[in-house]
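Asker: Structure file model_7.cif, mmCIF, C-alpha atoms, pLDDT in the B column; chains and numbers go by the auth columns, is pasted below:
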```
data_my_file
loop_
_atom_site.group_PDB
_atom_site.id
_atom_site.type_symbol
_atom_site.label_atom_id
_atom_site.label_comp_id
_atom_site.label_asym_id
_atom_site.label_seq_id
_atom_site.Cartn_x
_atom_site.Cartn_y
_atom_site.Cartn_z
_atom_site.B_iso_or_equiv
_atom_site.auth_seq_id
_atom_site.auth_asym_id
ATOM 1 C CA MET A 1 -14.356 -1.671 15.380 49.00 78 A
ATOM 2 C CA ASP A 2 -11.953 0.872 13.917 54.00 79 A
ATOM 3 C CA LEU A 3 -9.658 2.198 16.587 64.00 80 A
ATOM 4 C CA GLN A 4 -7.413 5.174 16.064 80.00 81 A
ATOM 5 C CA GLN A 5 -3.875 4.845 17.430 82.00 82 A
ATOM 6 C CA SER A 6 -4.620 6.993 20.503 84.00 83 A
ATOM 7 C CA ASP A 7 -7.704 4.875 21.297 82.00 84 A
ATOM 8 C CA PHE A 8 -5.681 1.718 20.821 87.00 85 A
ATOM 9 C CA ASP A 9 -2.981 3.025 23.182 87.00 86 A
ATOM 10 C CA ARG A 10 -5.654 3.874 25.762 87.00 87 A
ATOM 11 C CA LEU A 11 -7.171 0.429 25.386 88.00 88 A
ATOM 12 C CA LEU A 12 -3.767 -1.227 25.943 91.00 89 A
ATOM 13 C CA PHE A 13 -2.954 1.017 28.907 92.00 90 A
ATOM 14 C CA PHE A 14 -6.224 0.335 30.729 92.00 91 A
ATOM 15 C CA GLU A 15 -6.148 -3.363 29.919 93.00 92 A
ATOM 16 C CA HIS A 16 -2.677 -3.451 31.520 93.00 93 A
ATOM 17 C CA ALA A 17 -4.037 -1.465 34.494 93.00 94 A
ATOM 18 C CA ARG A 18 -6.929 -3.919 34.861 94.00 95 A
ATOM 19 C CA LYS A 19 -4.638 -6.962 34.818 95.00 96 A
ATOM 20 C CA THR A 20 -2.200 -5.359 37.269 95.00 97 A
ATOM 21 C CA ALA A 21 -5.061 -4.510 39.644 95.00 98 A
ATOM 22 C CA GLU A 22 -6.381 -8.065 39.380 95.00 99 A
ATOM 23 C CA VAL A 23 -2.980 -9.474 40.404 95.00 100 A
ATOM 24 C CA ALA A 24 -2.656 -6.935 43.232 95.00 101 A
ATOM 25 C CA TYR A 25 -6.146 -7.863 44.451 95.00 102 A
ATOM 26 C CA SER A 26 -5.198 -11.535 44.726 95.00 103 A
ATOM 27 C CA GLN A 27 -2.317 -10.482 47.001 96.00 104 A
ATOM 28 C CA ASN A 28 -4.272 -7.909 49.040 96.00 105 A
ATOM 29 C CA PRO A 29 -8.079 -7.833 48.620 95.00 106 A
ATOM 30 C CA LEU A 30 -8.391 -5.031 51.217 96.00 107 A
ATOM 31 C CA ASP A 31 -6.524 -2.357 49.231 96.00 108 A
ATOM 32 C CA ALA A 32 -9.191 0.302 48.549 96.00 109 A
ATOM 33 C CA ASP A 33 -6.854 2.259 46.245 96.00 110 A
ATOM 34 C CA ASN A 34 -6.277 -0.811 44.090 96.00 111 A
ATOM 35 C CA LEU A 35 -10.014 -1.569 43.927 96.00 112 A
ATOM 36 C CA THR A 36 -10.671 2.020 42.821 96.00 113 A
ATOM 37 C CA ARG A 37 -7.970 1.824 40.121 95.00 114 A
ATOM 38 C CA TRP A 38 -9.409 -1.508 38.949 96.00 115 A
ATOM 39 C CA ALA A 39 -12.893 -0.020 38.705 95.00 116 A
ATOM 40 C CA GLY A 40 -11.532 3.044 36.871 94.00 117 A
ATOM 41 C CA ALA A 41 -9.835 0.789 34.319 94.00 118 A
ATOM 42 C CA LEU A 42 -13.072 -1.195 33.839 95.00 119 A
ATOM 43 C CA LEU A 43 -15.066 2.016 33.310 93.00 120 A
ATOM 44 C CA GLU A 44 -12.554 3.164 30.737 92.00 121 A
ATOM 45 C CA LEU A 45 -12.519 -0.221 28.954 93.00 122 A
ATOM 46 C CA SER A 46 -16.333 -0.274 28.900 91.00 123 A
ATOM 47 C CA GLN A 47 -16.219 2.602 26.375 88.00 124 A
ATOM 48 C CA PHE A 48 -14.776 0.200 23.774 88.00 125 A
ATOM 49 C CA GLN A 49 -17.500 -2.457 24.135 87.00 126 A
ATOM 50 C CA ASN A 50 -20.961 -2.984 22.677 88.00 127 A
ATOM 51 C CA VAL A 51 -23.875 -2.039 24.965 88.00 128 A
ATOM 52 C CA PRO A 52 -24.440 -5.388 26.772 89.00 129 A
ATOM 53 C CA GLU A 53 -20.685 -5.901 27.360 92.00 130 A
ATOM 54 C CA SER A 54 -20.290 -2.279 28.420 91.00 131 A
ATOM 55 C CA LYS A 55 -23.092 -2.586 30.985 92.00 132 A
ATOM 56 C CA LYS A 56 -21.510 -5.789 32.319 94.00 133 A
ATOM 57 C CA MET A 57 -18.152 -4.035 32.785 95.00 134 A
ATOM 58 C CA ILE A 58 -19.812 -1.037 34.451 95.00 135 A
ATOM 59 C CA GLN A 59 -21.616 -3.383 36.856 95.00 136 A
ATOM 60 C CA ASP A 60 -18.293 -5.068 37.641 96.00 137 A
ATOM 61 C CA ALA A 61 -16.757 -1.638 38.319 96.00 138 A
ATOM 62 C CA ILE A 62 -19.654 -0.759 40.661 96.00 139 A
ATOM 63 C CA THR A 63 -19.028 -3.998 42.605 96.00 140 A
ATOM 64 C CA LYS A 64 -15.313 -3.109 42.988 97.00 141 A
ATOM 65 C CA LEU A 65 -16.149 0.439 44.116 97.00 142 A
ATOM 66 C CA ASP A 66 -18.694 -0.861 46.647 97.00 143 A
ATOM 67 C CA GLU A 67 -15.926 -3.110 48.009 97.00 144 A
ATOM 68 C CA ALA A 68 -13.534 -0.153 48.230 97.00 145 A
ATOM 69 C CA LEU A 69 -16.148 1.877 50.122 97.00 146 A
ATOM 70 C CA VAL A 70 -16.731 -0.954 52.620 97.00 147 A
ATOM 71 C CA ILE A 71 -12.997 -0.726 53.395 97.00 148 A
ATOM 72 C CA ASN A 72 -12.941 3.099 53.406 97.00 149 A
ATOM 73 C CA PRO A 73 -16.411 4.754 53.331 96.00 150 A
ATOM 74 C CA LYS A 74 -14.860 8.245 52.994 95.00 151 A
ATOM 75 C CA LYS A 75 -12.752 7.440 49.931 96.00 152 A
ATOM 76 C CA HIS A 76 -13.676 10.436 47.774 95.00 153 A
ATOM 77 C CA ASP A 77 -12.228 9.166 44.472 95.00 154 A
ATOM 78 C CA ALA A 78 -14.176 5.892 44.831 96.00 155 A
ATOM 79 C CA LEU A 79 -17.369 7.861 45.586 96.00 156 A
ATOM 80 C CA TRP A 80 -16.748 10.029 42.531 95.00 157 A
ATOM 81 C CA CYS A 81 -16.007 6.997 40.295 95.00 158 A
ATOM 82 C CA LEU A 82 -19.245 5.403 41.512 96.00 159 A
ATOM 83 C CA GLY A 83 -21.085 8.532 40.394 95.00 160 A
ATOM 84 C CA ASN A 84 -19.471 8.168 36.957 94.00 161 A
ATOM 85 C CA ALA A 85 -20.389 4.474 36.781 95.00 162 A
ATOM 86 C CA HIS A 86 -24.060 5.226 37.472 95.00 163 A
ATOM 87 C CA THR A 87 -23.979 8.090 34.948 93.00 164 A
ATOM 88 C CA SER A 88 -22.520 5.797 32.272 91.00 165 A
ATOM 89 C CA ASN A 89 -25.161 3.176 33.057 91.00 166 A
ATOM 90 C CA ALA A 90 -27.900 5.784 32.742 91.00 167 A
ATOM 91 C CA PHE A 91 -26.767 6.936 29.297 89.00 168 A
ATOM 92 C CA LEU A 92 -26.808 3.307 28.090 89.00 169 A
ATOM 93 C CA THR A 93 -30.368 2.806 29.397 89.00 170 A
ATOM 94 C CA PRO A 94 -33.120 3.800 26.929 88.00 171 A
ATOM 95 C CA ASP A 95 -35.938 3.847 29.517 89.00 172 A
ATOM 96 C CA HIS A 96 -36.084 7.378 30.939 88.00 173 A
ATOM 97 C CA ASP A 97 -37.427 6.409 34.392 90.00 174 A
ATOM 98 C CA GLU A 98 -34.825 3.693 34.849 92.00 175 A
ATOM 99 C CA ALA A 99 -32.087 6.069 33.668 91.00 176 A
ATOM 100 C CA LYS A 100 -33.335 8.722 36.114 91.00 177 A
ATOM 101 C CA ASP A 101 -32.773 6.271 38.995 94.00 178 A
ATOM 102 C CA TYR A 102 -29.152 5.905 37.866 94.00 179 A
ATOM 103 C CA PHE A 103 -28.753 9.675 37.531 94.00 180 A
ATOM 104 C CA ASP A 104 -30.190 10.159 41.043 94.00 181 A
ATOM 105 C CA LYS A 105 -27.711 7.618 42.462 95.00 182 A
ATOM 106 C CA ALA A 106 -24.877 9.333 40.569 95.00 183 A
ATOM 107 C CA ALA A 107 -25.815 12.723 42.044 95.00 184 A
ATOM 108 C CA VAL A 108 -25.798 11.244 45.573 96.00 185 A
ATOM 109 C CA TYR A 109 -22.269 9.857 45.065 96.00 186 A
ATOM 110 C CA PHE A 110 -20.999 13.067 43.442 95.00 187 A
ATOM 111 C CA GLN A 111 -22.385 15.010 46.424 96.00 188 A
ATOM 112 C CA LYS A 112 -20.642 12.635 48.859 96.00 189 A
ATOM 113 C CA ALA A 113 -17.362 13.083 46.961 96.00 190 A
ATOM 114 C CA VAL A 114 -17.759 16.876 47.148 96.00 191 A
ATOM 115 C CA ASP A 115 -18.551 16.608 50.889 96.00 192 A
ATOM 116 C CA GLU A 116 -15.310 14.663 51.422 96.00 193 A
ATOM 117 C CA GLU A 117 -13.173 16.987 49.286 95.00 194 A
ATOM 118 C CA PRO A 118 -15.023 20.307 48.774 95.00 195 A
ATOM 119 C CA GLU A 119 -12.121 22.067 47.028 94.00 196 A
ATOM 120 C CA ASN A 120 -11.959 19.481 44.212 94.00 197 A
ATOM 121 C CA GLU A 121 -13.063 21.286 41.055 93.00 198 A
ATOM 122 C CA LEU A 122 -13.675 18.060 39.121 92.00 199 A
ATOM 123 C CA TYR A 123 -16.065 16.731 41.776 93.00 200 A
ATOM 124 C CA ARG A 124 -17.992 20.003 41.881 92.00 201 A
ATOM 125 C CA LYS A 125 -18.219 20.117 38.077 92.00 202 A
ATOM 126 C CA SER A 126 -19.450 16.506 37.979 91.00 203 A
ATOM 127 C CA LEU A 127 -22.175 17.321 40.497 91.00 204 A
ATOM 128 C CA GLU A 128 -23.178 20.370 38.452 90.00 205 A
ATOM 129 C CA VAL A 129 -23.325 18.396 35.173 89.00 206 A
ATOM 130 C CA ALA A 130 -25.236 15.547 36.879 89.00 207 A
ATOM 131 C CA ALA A 131 -28.178 17.922 37.327 88.00 208 A
ATOM 132 C CA LYS A 132 -28.360 18.408 33.527 88.00 209 A
ATOM 133 C CA ALA A 133 -27.757 14.745 32.664 88.00 210 A
ATOM 134 C CA PRO A 134 -31.429 13.562 32.543 87.00 211 A
ATOM 135 C CA GLU A 135 -32.190 16.297 30.009 87.00 212 A
ATOM 136 C CA LEU A 136 -29.200 15.254 27.867 85.00 213 A
ATOM 137 C CA HIS A 137 -30.304 11.621 28.148 85.00 214 A
ATOM 138 C CA MET A 138 -33.756 12.508 26.828 85.00 215 A
ATOM 139 C CA GLU A 139 -32.202 14.404 23.885 82.00 216 A
ATOM 140 C CA ILE A 140 -29.895 11.530 22.962 81.00 217 A
ATOM 141 C CA HIS A 141 -32.619 8.901 23.042 78.00 218 A
ATOM 142 C CA LYS A 142 -35.139 11.189 21.309 78.00 219 A
ATOM 143 C CA HIS A 143 -32.723 11.416 18.373 72.00 220 A
ATOM 144 C CA GLY A 144 -32.432 7.645 18.146 65.00 221 A
ATOM 145 C CA PHE A 145 -29.056 7.064 19.786 55.00 222 A
ATOM 146 C CA GLY A 146 -30.571 4.398 22.026 49.00 223 A
ATOM 147 C CA GLN A 147 -31.869 2.304 19.116 47.00 224 A
ATOM 148 C CA GLN A 148 -28.559 2.627 17.296 44.00 225 A
ATOM 149 C CA ALA A 149 -26.530 1.665 20.369 45.00 226 A
ATOM 150 C CA ILE A 150 -28.737 -1.357 20.963 42.00 227 A
ATOM 151 C CA GLY A 151 -28.732 -2.104 17.235 38.00 228 A
ATOM 152 C CA ALA A 152 -24.931 -2.015 17.252 39.00 229 A
ATOM 153 C CA ALA A 153 -25.004 -4.909 19.712 37.00 230 A
ATOM 154 C CA GLY A 154 -27.354 -6.938 17.528 35.00 231 A
ATOM 155 C CA PRO A 155 -27.103 -8.152 13.930 32.00 232 A
ATOM 156 C CA SER A 156 -26.064 -5.489 11.459 33.00 233 A
ATOM 157 C CA SER A 157 -28.480 -4.461 8.730 33.00 234 A
ATOM 158 C CA SER A 158 -27.743 -2.872 5.383 32.00 235 A
ATOM 159 C CA SER A 159 -28.039 0.886 5.528 33.00 236 A
ATOM 160 C CA SER A 160 -28.084 3.793 3.117 32.00 237 A
ATOM 161 C CA GLY A 161 -25.411 6.517 3.129 36.00 238 A
ATOM 162 C CA ALA A 162 -27.801 8.866 4.936 37.00 239 A
ATOM 163 C CA LYS A 163 -28.424 6.344 7.705 35.00 240 A
ATOM 164 C CA THR A 164 -24.667 5.785 8.088 37.00 241 A
ATOM 165 C CA ALA A 165 -24.106 9.540 8.320 40.00 242 A
ATOM 166 C CA LYS A 166 -26.863 9.831 10.930 40.00 243 A
ATOM 167 C CA LYS A 167 -25.310 6.970 12.888 42.00 244 A
ATOM 168 C CA LYS A 168 -21.918 8.692 12.790 43.00 245 A
ATOM 169 C CA LYS A 169 -23.499 11.965 13.921 43.00 246 A
ATOM 170 C CA SER A 170 -25.206 10.197 16.845 45.00 247 A
ATOM 171 C CA SER A 171 -21.949 8.488 17.713 47.00 248 A
ATOM 172 C CA ASP A 172 -20.195 11.875 17.729 47.00 249 A
ATOM 173 C CA LEU A 173 -22.976 13.314 19.898 45.00 250 A
ATOM 174 C CA ASN A 174 -22.560 10.438 22.335 45.00 251 A
ATOM 175 C CA TYR A 175 -18.835 11.149 22.627 45.00 252 A
ATOM 176 C CA ASP A 176 -19.477 14.872 23.130 44.00 253 A
ATOM 177 C CA ILE A 177 -21.998 14.351 25.911 46.00 254 A
ATOM 178 C CA CYS A 178 -20.240 11.492 27.679 51.00 255 A
ATOM 179 C CA GLY A 179 -16.796 12.934 27.030 52.00 256 A
ATOM 180 C CA TRP A 180 -16.487 14.593 30.435 47.00 257 A
ATOM 181 C CA VAL A 181 -17.213 11.266 32.137 50.00 258 A
ATOM 182 C CA ILE A 182 -14.698 9.376 30.024 49.00 259 A
ATOM 183 C CA LEU A 183 -11.982 12.007 30.346 48.00 260 A
ATOM 184 C CA ALA A 184 -12.436 12.384 34.078 49.00 261 A
ATOM 185 C CA VAL A 185 -12.366 8.632 34.732 50.00 262 A
ATOM 186 C CA CYS A 186 -9.330 8.403 32.489 46.00 263 A
ATOM 187 C CA VAL A 187 -7.478 11.130 34.428 48.00 264 A
ATOM 188 C CA VAL A 188 -8.229 9.634 37.855 47.00 265 A
ATOM 189 C CA ALA A 189 -7.385 6.080 36.815 47.00 266 A
ATOM 190 C CA TRP A 190 -4.234 7.188 34.970 47.00 267 A
ATOM 191 C CA VAL A 191 -2.931 9.262 37.898 46.00 268 A
ATOM 192 C CA GLY A 192 -3.824 6.607 40.448 48.00 269 A
ATOM 193 C CA PHE A 193 -2.226 3.880 38.394 48.00 270 A
ATOM 194 C CA ALA A 194 0.881 5.916 37.601 47.00 271 A
ATOM 195 C CA LYS A 195 1.415 6.648 41.308 47.00 272 A
ATOM 196 C CA SER A 196 1.372 2.976 42.223 48.00 273 A
ATOM 197 C CA HIS A 197 2.948 1.204 39.252 47.00 274 A
ATOM 198 C CA VAL A 198 5.275 2.104 36.448 47.00 275 A
ATOM 199 C CA PRO A 199 4.296 -0.129 33.521 50.00 276 A
ATOM 200 C CA PRO A 200 7.108 -2.386 32.284 51.00 277 A
ATOM 201 C CA PRO A 201 8.701 -1.467 28.953 50.00 278 A
ATOM 202 C CA PRO A 202 7.065 -3.172 25.951 53.00 279 A
ATOM 203 C CA PRO A 203 8.759 -6.443 24.854 54.00 280 A
ATOM 204 C CA ARG A 204 11.219 -6.063 21.980 52.00 281 A
#
```
Could you rewrite the structure in this file as structure tokens?
Answerer:
Amino acid sequence: MDLQQSDFDRLLFFEHARKTAEVAYSQNPLDADNLTRWAGALLELSQFQNVPESKKMIQDAITKLDEALVINPKKHDALWCLGNAHTSNAFLTPDHDEAKDYFDKAAVYFQKAVDEEPENELYRKSLEVAAKAPELHMEIHKHGFGQQAIGAAGPSSSSSGAKTAKKKKSSDLNYDICGWVILAVCVVAWVGFAKSHVPPPPPR
């Protein structure tokens, strides 16, 4: 996988956030903020994985967010992250009916987040975009993104230049459509993590 420097930096940052959250969890498993940060880091890291690994990480994030909501059922950022997790899962699911279930769950959690913090523009925007998500999902999978994503997880086959270009175009489309999810999760996790921990300087 070719990572640009900014992607590599993001990967390192969220891997550090994940490890820090894991350590903090062992010391205090009832810290809902920490669980939410941990889940946010997992969602961010899932973007760098193949489809099966990505789905596994998203499921792990959902488990952490469920735990956070048992501790604090009104935790709006955890509700919102859960909406993002279900949205990400939906986009990775080729079956439209199964994906629609994920989108429906996402909309419920986005609505709950908006109910808890109505003035939050990001939550309102997420709820608004969630309504259009099934249509976007259908477009992506109609144009073969689903097969390519699943194919990326399996053995690689030789391809012509045209097929490679199409794959790149689909990959770009995926980033465009899912970009708001990725960016938003990134912002929440980054801010939450920065508030609680200043990362140590890199070793010399």
Asker: Please identify all polymer residues within 12 Å of range 100-106 of chain A, counting all atoms listed in the file, omitting same-chain residues fewer than 2 positions from it, and present them as a VMD selection string.
Answerer: chain A and resid 93 to 98 108 to 116 141 144 to 145 147 to 148 270 273 to 274
Asker: Keeping C-alpha atoms for every residue in the selection just given, could you write it to a file as a compact mmCIF listing (two decimals), in the frame of the given file?
Answerer:
```txt
# COMPACT_ATOMS: atom_id res chain seq x y z
CA HIS A 93 -2.68 -3.45 31.52
CA ALA A 94 -4.04 -1.46 34.49
CA ARG A 95 -6.93 -3.92 34.86
CA LYS A 96 -4.64 -6.96 34.82
CA THR A 97 -2.20 -5.36 37.27
CA ALA A 98 -5.06 -4.51 39.64
CA ASP A 108 -6.52 -2.36 49.23
CA ALA A 109 -9.19 0.30 48.55
CA ASP A 110 -6.85 2.26 46.24
CA ASN A 111 -6.28 -0.81 44.09
CA LEU A 112 -10.01 -1.57 43.93
CA THR A 113 -10.67 2.02 42.82
CA ARG A 114 -7.97 1.82 40.12
CA TRP A 115 -9.41 -1.51 38.95
CA ALA A 116 -12.89 -0.02 38.70
CA LYS A 141 -15.31 -3.11 42.99
CA GLU A 144 -15.93 -3.11 48.01
CA ALA A 145 -13.53 -0.15 48.23
CA VAL A 147 -16.73 -0.95 52.62
CA ILE A 148 -13.00 -0.73 53.40
CA PHE A 270 -2.23 3.88 38.39
CA SER A 273 1.37 2.98 42.22
CA HIS A 274 2.95 1.20 39.25
```
Asker: Could you give me, as a PyMOL selection string, the residues within 9 Å of Ser203 in chain A, counting only C-alpha atoms and dropping anything in the same chain fewer than 3 positions from it?
Answerer: chain A and resi 157+160-161+184+187+198-200+206-208+257-258
Asker: Write out the residues from the selection above, keeping C-alpha atoms, as an mmCIF file, in the coordinates of the input.
Answerer:
```cif
data_model
loop_
_atom_site.group_PDB
_atom_site.id
_atom_site.type_symbol
_atom_site.label_atom_id
_atom_site.label_comp_id
_atom_site.auth_asym_id
_atom_site.auth_seq_id
_atom_site.Cartn_x
_atom_site.Cartn_y
_atom_site.Cartn_z
ATOM 1 C CA TRP A 157 -16.748 10.029 42.531
ATOM 2 C CA GLY A 160 -21.085 8.532 40.394
ATOM 3 C CA ASN A 161 -19.471 8.168 36.957
ATOM 4 C CA ALA A 184 -25.815 12.723 42.044
ATOM 5 C CA PHE A 187 -20.999 13.067 43.442
ATOM 6 C CA GLU A 198 -13.063 21.286 41.055
ATOM 7 C CA LEU A 199 -13.675 18.060 39.121
ATOM 8 C CA TYR A 200 -16.065 16.731 41.776
ATOM 9 C CA VAL A 206 -23.325 18.396 35.173
ATOM 10 C CA ALA A 207 -25.236 15.547 36.879
ATOM 11 C CA ALA A 208 -28.178 17.922 37.327
ATOM 12 C CA TRP A 257 -16.487 14.593 30.435
ATOM 13 C CA VAL A 258 -17.213 11.266 32.137
#
```
Asker: With all atoms listed in the file as the basis for distance, which of A:Glu212, A:Asp143, A:Glu130, A:Asp154 is at the shortest distance from Asn166 in chain A?
Answerer: A:Glu130
Asker: The PyMOL selection byres ((chain A and resi 84-91) around 8) - which residues does that actually catch in the file I just gave you? List them as a ChimeraX atom specification.
Answerer: /A:80-83,92-95,118-119,121-122,125
Asker: Name all residues at most 10 Å from Thr170 in chain A (count only C-alpha atoms; drop same-chain ones fewer than 3 positions away) and give them as a list in words.
Answerer: Val128, Lys132, Thr164, Ser165, Asn166, Ala167, His173, Asp174, Glu175, Ala176, Lys177, Tyr179, His214, His218, Gly223, Ala226 and Ile227 of chain A
Asker: Let me have the centre and edge lengths of the axis-aligned box enclosing all listed atoms of range 139-151 of chain A with 5 Å padding on every side, in Å to one decimal, as AutoDock Vina command-line options.
Answerer:
```
--center_x -16.3 --center_y 2.1 --center_z 47.0 --size_x 16.7 --size_y 22.2 --size_z 22.7
```
Asker: If I take CA of Asp172 in chain A and CA of Lys219 in chain A, how far is one from the other in Å, to one decimal?
Answerer: 11.0 Å
Asker: Expressed in Å to a single decimal, how great is the separation between CA of Leu204 in chain A and CA of His220 in chain A?
Answerer: 25.2 Å
Asker: Rounded to one decimal place, report the CA of Thr140 in chain A-CA of Glu193 in chain A distance in Å.
Answerer: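 We find that CA of Thr140 in chain A and CA of Glu193 in chain A lie 21.0 Å from each other.
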